[in-house]
Structures are given as C-alpha cells and as structure tokens.
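Trainee: Sharing a structure, written as structure tokens. Questions coming.
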Amino acid sequence: MKVTVYEDKCCGAGSCVMAAPDVFDQRDEDGIVVLLEESPGEDQFDAVREAASICPALAIELSEAK
Amino acid sequence: MNGPANGAGSANRSRSVLVVGASAAGLATAEALRRKGFDGRVTLLGAESHLPYDRPPLSKQVLSGDWEPERARLRPEAMLADLDIELALGEAAVSLDAANRRVKTEHGRELSADAIVIATGIRPRAFPGTAGIAGVHLLRTLEDALRLQSELSESCRLVVVGDGVLGAEIAATSKRLCAGVTLVGPQAAPMELQLGGEVAKALAALHVEQGVDLRPGVGVDGLVETGGRVSGVRLESGEVLPADAVVVSIGSTPVTEWLAGSGLRVENGVVCDSQCLAAEGIWAVGDVARWDHVGLGRSLRLENRTNATEQAGVVAANILGEAAPYAPVPYFWTDQFNVKIQVYGLPSAHAATEVVEGDPADGRFVLRCTENGRVSAVIGWNMPKQARLRRAEVFYA
C-alpha cells in the first residue's frame, strides 16, 4: 500500500490522525497533514483505509496492489 | 443483542441496500458498507445527474475559480467502479413505502431493498417572492456555484443576505473577485450561532479588515427589482443597498417532501432513534437525519460535512447488525480569508469562555467554552492541530 496526501486539499480536520495516528500527523503551525509513513505495514491497512475514507477534504489517496 | 425491535435483527439478513441520495452521506454509506465487507447489492439513487461531488469547495475553491468543477468530485470514476454499486443518477425519489421498503422514482421506477438509507440532504431556503428575478442566487449545487461565479467581477456589487456559515464563506470568497461585497444578517456578528459571541466578533473584525461591508443586526425587508433584474436589497431600516447580484443564504430545509405518506415521522428532518434508525429497515444519514444523541441527551440534526461521513460509518455498521448509538462530537471547519476556524462541540451564547492556547492578539488561539461546569465546545482560530488535541475535553467525547 502506498499513501499519497494532498496538502493543498487538506482542511486540517485531523480526522486521519484520529483514525491512524501512526501514519498521519498534523503540522503544528497550520494543521496541514503530515505523512509519517508512506508505505505502512499491513497492520495499519484497515486504519489507513478508514482515514482515507473519512477525510472530509478527500486529501488522502491510496494505491493498493490488487 | 440485536433484537428485532430495533430493526437490526432483520437487517442482519440484508442482501440489498438502497441509498436515496448520492452526495457525501449517501456515497459514504455505500463505501462504508463495502469497507465493512458487505457484498450484497448496493444501489445509490441521486437526484442530480453529476457523479457524486463534494459541497464544501462550492463556496470556496469552486466559487473562486481556483478549482475546475471536476476537482470537487467525491471519488474518481475508477474508484466508484471498484465499489461495485448501481448508480442511478438524475433520478429523484418521489415516494417511500416504509412498510414494504419500496421507493418510487420520478421516472416511474419502483425500487425495493432489504434496507433503505435516506440521505436526501437539505435545500436552501429562498427569500419569499424572489423566484425568477435575475441576479438572485442560492448556493447548494455545482450549477449554483458556477452561476454565481459568472456574476462576480471587479465591478460587481454583491450583497450576501444571511450571516451563517455559508453566507460568511461566500462573502469572504467573493471579496477576492468583487469590488464591493456586503454581508447582511440579523445577528450581532456573522456565525454567532455557530461560534458564540467572542469568536464571531473576531470574525466580524476580520471581514471588516478585509474590506467587506458588514451590516450586522439588521433584517432584510425585501429585494428591489428593476426590469426583471435585482438592483438592490431593502433593509428593515428602510435603507436600500444597491446590488448587481444577491446571494440568499438564510438557512435550509431538509429534503423530506417525498416522504409524505411514507409512515415515517418527519419533524425538521427524518426522526430516528439513537442508532439512526427511522423505522424497521429504514435509516437516515447526513443533513436530513434527526437522531437522539445519547451524549447530549437530546435530538440533533447536523449540516456538517464531517457528520455525513461519520454518521454513514455508524449507519453502515448498524445495517450490518452492530446496533451502535451515534454520539459524535460535532465538528466543522471554515476557511475565510487567511483564517482557518475549527469547531468541536456546540458553542452557545451562554457559555463561559477561556483562551487556553495562543493569543487572539497574535491571530492564533484556542478557546474553550464551558457550560454548567462542563466543556461544551473547543474552537480553534488558526490552530487546527491544537484545537483537535482538545476535542477530548468536550464532555461527551
């Protein structure tokens, strides 16, 4: 799984951090998303899918091998 | 634990789900069903003909022209295809038979399913007697946003009627494109209802500083029309504000007319229990749903973007038999000029307030609202992360 975040779309809600705190954080100065782990481990997949799905600004994209 | 009384018993056997409404809440429900492993039939019925798109950018990036309309799409086409849902767009529901879980569409089709999710959202309230006057705008759909955008120009005098979230956002966005923007509303400061007095006052100061002509505390008596086109806004004080275009953002109404005769209880939204269940096998989600919030001990209907997705997750889980109450900390954000405001909980005029981080003088702060000795809301002003970290202080979090 590869995670991409779009800073220009991010609204700083921090929903992703609540869903997957090991993969996402927010910048202290403006709340914009910080990607901690571009290729998270399998144990994080569910949390990351949840984060991408609930992001209110649609700023997280996942590419997963099918 | 899923007794038949709450509908989950039969819904456990759901092999088909019909979601009525193909915007944020409807699509999120379909996605959540799939994410949770539901492999039955999912149909998404939408009144608009566009692929599902997001509304918060309409009053910001789309209105300003920073984004092409396609960028507001909720999901790329390939991702929608992967969901394996039946998309029926440009086809509004016209009636529901709740007992038989059957929906009739404007094309005369009858669709039935084991579970039906009502996600028809809201529509903006129009100013009485203004239908058909050129230059008068509402904002809910993509077309609305593009129509309004086409009016905005260096020489345009725009008057925004309504000082809620949408009105304030439209005024802020339009100021970049129009010479003259006036924001009129009955409150002492814009968004006072959503922010409480203190932060609303700071927002008013921001708008004034950025050149918006703010007219707080005044009602609108009517619009002035010249030759079929709006030419002004008449205030209750008698003053007429000249206008080349007017946006009316005076609140909205849940889209529930189609539920007349359905057997469901409709009172400012579809009335649901704490699990968002309206009747056996019938759920409601998003702007249209009024449900019992067990944390607050009262019913609530939220018109927030994040609520659509969060509630959809719970509704999907409950359709699959979980029987979980939905009791979120309400959250919304707004971006106006150079300020990002984040609101967790429900601020009110009666709350005691305290700055707990930053300093209003520096243009960055977090304000905590306390009512009856409990934290009722946390508001961030250019401090999104710090506000979010205090979300857990809200008493029912």
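Every chain in the structure tokens takes a letter, A first, then B, and so on in the order presented; its residues are numbered from 1, and the ligands are numbered from 1 following the presented order.
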Fewer than 4 positions away in the same chain doesn't count, so skip those; otherwise give me all residues within 12 Å of A:Met18, counting only C-alpha atoms, as a PDB file with N, CA, C and O atoms, in the first residue's frame.

Mentor:
```pdb
ATOM      1  N   ALA A  13      -8.646  19.084   9.453  1.00  0.00           N
ATOM      2  CA  ALA A  13      -9.589  18.495  10.411  1.00  0.00           C
ATOM      3  C   ALA A  13      -8.900  17.512  11.357  1.00  0.00           C
ATOM      4  O   ALA A  13      -9.314  17.335  12.490  1.00  0.00           O
ATOM      5  N   GLY A  14      -7.882  16.850  10.867  1.00  0.00           N
ATOM      6  CA  GLY A  14      -7.170  15.884  11.712  1.00  0.00           C
ATOM      7  C   GLY A  14      -7.896  14.563  11.868  1.00  0.00           C
ATOM      8  O   GLY A  14      -7.525  13.743  12.713  1.00  0.00           O
ATOM      9  N   ASP A  22      -0.415   6.427  13.744  1.00  0.00           N
ATOM     10  CA  ASP A  22       0.955   6.010  13.435  1.00  0.00           C
ATOM     11  C   ASP A  22       1.361   6.390  12.008  1.00  0.00           C
ATOM     12  O   ASP A  22       2.534   6.292  11.644  1.00  0.00           O
ATOM     13  N   VAL A  23       0.380   6.784  11.221  1.00  0.00           N
ATOM     14  CA  VAL A  23       0.660   7.056   9.803  1.00  0.00           C
ATOM     15  C   VAL A  23       0.534   8.550   9.472  1.00  0.00           C
ATOM     16  O   VAL A  23       1.217   9.055   8.591  1.00  0.00           O
ATOM     17  N   PHE A  24      -0.358   9.229  10.204  1.00  0.00           N
ATOM     18  CA  PHE A  24      -0.597  10.646   9.891  1.00  0.00           C
ATOM     19  C   PHE A  24      -0.371  11.520  11.122  1.00  0.00           C
ATOM     20  O   PHE A  24      -0.593  11.100  12.262  1.00  0.00           O
ATOM     21  N   ASP A  25       0.050  12.738  10.862  1.00  0.00           N
ATOM     22  CA  ASP A  25       0.110  13.762  11.906  1.00  0.00           C
ATOM     23  C   ASP A  25      -0.299  15.085  11.255  1.00  0.00           C
ATOM     24  O   ASP A  25      -0.617  15.116  10.063  1.00  0.00           O
ATOM     25  N   GLN A  26      -0.311  16.148  12.058  1.00  0.00           N
ATOM     26  CA  GLN A  26      -0.616  17.479  11.533  1.00  0.00           C
ATOM     27  C   GLN A  26       0.527  18.416  11.870  1.00  0.00           C
ATOM     28  O   GLN A  26       1.128  18.301  12.949  1.00  0.00           O
ATOM     29  N   VAL A  33      -1.855  18.153   6.977  1.00  0.00           N
ATOM     30  CA  VAL A  33      -1.461  16.764   7.180  1.00  0.00           C
ATOM     31  C   VAL A  33       0.041  16.544   6.963  1.00  0.00           C
ATOM     32  O   VAL A  33       0.654  17.139   6.073  1.00  0.00           O
ATOM     33  N   ALA A  47      -6.758   0.825   9.340  1.00  0.00           N
ATOM     34  CA  ALA A  47      -6.807   2.187   9.895  1.00  0.00           C
ATOM     35  C   ALA A  47      -6.574   3.223   8.791  1.00  0.00           C
ATOM     36  O   ALA A  47      -7.232   4.264   8.754  1.00  0.00           O
ATOM     37  N   VAL A  48      -5.657   2.926   7.879  1.00  0.00           N
ATOM     38  CA  VAL A  48      -5.350   3.878   6.807  1.00  0.00           C
ATOM     39  C   VAL A  48      -6.523   3.975   5.829  1.00  0.00           C
ATOM     40  O   VAL A  48      -6.877   5.061   5.364  1.00  0.00           O
ATOM     41  N   GLU A  50      -9.616   3.509   6.581  1.00  0.00           N
ATOM     42  CA  GLU A  50     -10.616   4.297   7.314  1.00  0.00           C
ATOM     43  C   GLU A  50     -10.268   5.786   7.215  1.00  0.00           C
ATOM     44  O   GLU A  50     -11.132   6.618   6.917  1.00  0.00           O
ATOM     45  N   ALA A  51      -9.005   6.115   7.430  1.00  0.00           N
ATOM     46  CA  ALA A  51      -8.567   7.519   7.388  1.00  0.00           C
ATOM     47  C   ALA A  51      -8.836   8.126   6.017  1.00  0.00           C
ATOM     48  O   ALA A  51      -9.364   9.238   5.902  1.00  0.00           O
ATOM     49  N   ALA A  52      -8.494   7.403   4.961  1.00  0.00           N
ATOM     50  CA  ALA A  52      -8.678   7.915   3.602  1.00  0.00           C
ATOM     51  C   ALA A  52     -10.163   8.103   3.322  1.00  0.00           C
ATOM     52  O   ALA A  52     -10.576   9.070   2.683  1.00  0.00           O
ATOM     53  N   ILE A  54     -12.653   8.654   5.541  1.00  0.00           N
ATOM     54  CA  ILE A  54     -13.365   9.679   6.325  1.00  0.00           C
ATOM     55  C   ILE A  54     -12.794  11.079   6.148  1.00  0.00           C
ATOM     56  O   ILE A  54     -13.389  12.040   6.619  1.00  0.00           O
ATOM     57  N   CYS A  55     -11.664  11.209   5.467  1.00  0.00           N
ATOM     58  CA  CYS A  55     -11.076  12.544   5.280  1.00  0.00           C
ATOM     59  C   CYS A  55     -12.129  13.470   4.664  1.00  0.00           C
ATOM     60  O   CYS A  55     -12.593  13.229   3.553  1.00  0.00           O
TER      61      CYS A  55
ATOM     62  N   LYS B 385      -4.464  21.950  14.763  1.00  0.00           N
ATOM     63  CA  LYS B 385      -3.983  20.778  15.486  1.00  0.00           C
ATOM     64  C   LYS B 385      -4.228  20.921  16.987  1.00  0.00           C
ATOM     65  O   LYS B 385      -4.711  19.991  17.644  1.00  0.00           O
ATOM     66  N   ARG B 388      -7.812  20.328  17.789  1.00  0.00           N
ATOM     67  CA  ARG B 388      -8.172  18.906  17.684  1.00  0.00           C
ATOM     68  C   ARG B 388      -7.687  18.114  18.897  1.00  0.00           C
ATOM     69  O   ARG B 388      -8.372  17.213  19.397  1.00  0.00           O
ATOM     70  N   LEU B 389      -6.507  18.488  19.389  1.00  0.00           N
ATOM     71  CA  LEU B 389      -5.965  17.773  20.550  1.00  0.00           C
ATOM     72  C   LEU B 389      -6.816  17.987  21.797  1.00  0.00           C
ATOM     73  O   LEU B 389      -6.736  17.231  22.754  1.00  0.00           O
ATOM     74  N   ARG B 391     -10.182  18.181  21.588  1.00  0.00           N
ATOM     75  CA  ARG B 391     -11.514  17.649  21.277  1.00  0.00           C
ATOM     76  C   ARG B 391     -12.026  16.750  22.401  1.00  0.00           C
ATOM     77  O   ARG B 391     -13.203  16.789  22.758  1.00  0.00           O
ATOM     78  N   ALA B 392     -11.106  15.970  22.973  1.00  0.00           N
ATOM     79  CA  ALA B 392     -11.498  15.010  24.011  1.00  0.00           C
ATOM     80  C   ALA B 392     -11.992  15.689  25.285  1.00  0.00           C
ATOM     81  O   ALA B 392     -12.554  15.038  26.161  1.00  0.00           O
TER      82      ALA B 392
END
```

Trainee: Would you kindly report the residues of chain B within 8 Å of chain A, using only C-alpha atoms, as a list in words?

Mentor: Ala28, Glu31, Leu74, Arg305, Thr306, Thr309, Glu310, Trp333, Gln342, Asn382, Met383, Pro384, Lys385, Gln386 and Arg388 of chain B

Trainee: Next, dump the selected residues to file, keeping only C-alpha atoms, as a PDB file, in the first residue's frame.

Mentor:
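Result file is part23.pdb:
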```
ATOM      1  CA  ALA B  28     -20.022   7.386   2.303  1.00  0.00           C
ATOM      2  CA  GLU B  31     -18.358   2.949   0.788  1.00  0.00           C
ATOM      3  CA  LEU B  74     -16.072  12.955  -4.229  1.00  0.00           C
ATOM      4  CA  ARG B 305     -19.561  17.753   6.151  1.00  0.00           C
ATOM      5  CA  THR B 306     -17.756  15.527   8.631  1.00  0.00           C
ATOM      6  CA  THR B 309     -19.107  10.624   6.706  1.00  0.00           C
ATOM      7  CA  GLU B 310     -19.014   9.816  10.402  1.00  0.00           C
ATOM      8  CA  TRP B 333     -14.366  23.903   9.857  1.00  0.00           C
ATOM      9  CA  GLN B 342     -12.222  24.590  13.684  1.00  0.00           C
ATOM     10  CA  ASN B 382      -5.607  29.292  13.034  1.00  0.00           C
ATOM     11  CA  MET B 383      -4.666  26.451  15.410  1.00  0.00           C
ATOM     12  CA  PRO B 384      -6.239  23.338  13.851  1.00  0.00           C
ATOM     13  CA  LYS B 385      -3.983  20.778  15.486  1.00  0.00           C
ATOM     14  CA  GLN B 386      -4.079  22.323  18.937  1.00  0.00           C
ATOM     15  CA  ARG B 388      -8.172  18.906  17.684  1.00  0.00           C
TER      16      ARG B 388
END
```

Trainee: What separation in Å, quoted to one decimal, exists between atom CA of B:Gly164 and atom CA of B:Gln275?

Mentor: 28.9 Å

Trainee: Using only C-alpha atoms, pick whichever of B:Met79, B:Cys369, B:Leu346, B:Ala47 has the shortest atom-to-atom distance to A:Glu64.

Mentor: B:Met79

Trainee: I'd like the contact shell of B:Ala115 - 9 Å cut-off, only C-alpha atoms, skipping same-chain residues fewer than 5 positions apart - returned as number ranges by chain.

Mentor: B: 11, 14-19, 101, 280-283, 319

Trainee: Restricting the output to N, CA and C atoms, write the selected residues as a PDB file, in the first residue's frame.

Mentor:
```pdb
ATOM      1  N   ALA B  11     -32.315  -6.665   9.591  1.00  0.00           N
ATOM      2  CA  ALA B  11     -31.317  -6.056   8.722  1.00  0.00           C
ATOM      3  C   ALA B  11     -30.060  -6.915   8.647  1.00  0.00           C
ATOM      4  N   SER B  14     -29.835  -8.493   5.606  1.00  0.00           N
ATOM      5  CA  SER B  14     -29.934  -7.641   4.428  1.00  0.00           C
ATOM      6  C   SER B  14     -29.048  -8.156   3.310  1.00  0.00           C
ATOM      7  N   ARG B  15     -29.666  -8.334   2.160  1.00  0.00           N
ATOM      8  CA  ARG B  15     -28.881  -8.704   0.987  1.00  0.00           C
ATOM      9  C   ARG B  15     -28.868  -7.562  -0.010  1.00  0.00           C
ATOM     10  N   SER B  16     -29.667  -6.532   0.253  1.00  0.00           N
ATOM     11  CA  SER B  16     -29.666  -5.393  -0.659  1.00  0.00           C
ATOM     12  C   SER B  16     -29.905  -4.118   0.130  1.00  0.00           C
ATOM     13  N   VAL B  17     -29.191  -3.065  -0.265  1.00  0.00           N
ATOM     14  CA  VAL B  17     -29.339  -1.768   0.381  1.00  0.00           C
ATOM     15  C   VAL B  17     -29.570  -0.719  -0.699  1.00  0.00           C
ATOM     16  N   LEU B  18     -30.613   0.076  -0.509  1.00  0.00           N
ATOM     17  CA  LEU B  18     -30.895   1.185  -1.412  1.00  0.00           C
ATOM     18  C   LEU B  18     -30.618   2.481  -0.666  1.00  0.00           C
ATOM     19  N   VAL B  19     -29.679   3.276  -1.185  1.00  0.00           N
ATOM     20  CA  VAL B  19     -29.352   4.557  -0.576  1.00  0.00           C
ATOM     21  C   VAL B  19     -29.977   5.649  -1.428  1.00  0.00           C
ATOM     22  N   ARG B 101     -40.642  -1.173   2.240  1.00  0.00           N
ATOM     23  CA  ARG B 101     -39.303  -0.731   1.812  1.00  0.00           C
ATOM     24  C   ARG B 101     -39.221  -0.599   0.301  1.00  0.00           C
ATOM     25  N   GLU B 280     -38.306   0.121  10.905  1.00  0.00           N
ATOM     26  CA  GLU B 280     -37.595  -1.137  10.669  1.00  0.00           C
ATOM     27  C   GLU B 280     -37.005  -1.171   9.247  1.00  0.00           C
ATOM     28  N   GLY B 281     -35.710  -1.330   9.189  1.00  0.00           N
ATOM     29  CA  GLY B 281     -35.039  -1.408   7.897  1.00  0.00           C
ATOM     30  C   GLY B 281     -34.859  -0.083   7.182  1.00  0.00           C
ATOM     31  N   ILE B 282     -35.223   1.019   7.851  1.00  0.00           N
ATOM     32  CA  ILE B 282     -35.095   2.343   7.231  1.00  0.00           C
ATOM     33  C   ILE B 282     -34.189   3.224   8.097  1.00  0.00           C
ATOM     34  N   TRP B 283     -33.156   3.753   7.507  1.00  0.00           N
ATOM     35  CA  TRP B 283     -32.176   4.551   8.231  1.00  0.00           C
ATOM     36  C   TRP B 283     -32.090   5.936   7.602  1.00  0.00           C
ATOM     37  N   ILE B 319     -26.588  -1.296   9.863  1.00  0.00           N
ATOM     38  CA  ILE B 319     -27.291  -2.101   8.852  1.00  0.00           C
ATOM     39  C   ILE B 319     -26.758  -3.532   8.897  1.00  0.00           C
TER      40      ILE B 319
END
```

Trainee: For B:Leu367, work out the shell of residues within 6 Å, counting only C-alpha atoms and skipping chain neighbours fewer than 3 positions away, then give it as a PyMOL selection string.

Mentor: chain B and resi 354-356+378-379

Trainee: Give the strand (DSSP E or B) residues of chain A, as DSSP finds them on the backbone, and put them as a list in words.

Mentor: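 Secondary structure check on chain A, strand (DSSP E or B): Lys2, Val3, Thr4, Val5, Phe24, Asp25, Gln26, Val33, Val34, Leu35, Ile60, Glu61, Leu62 and Ser63 of chain A.
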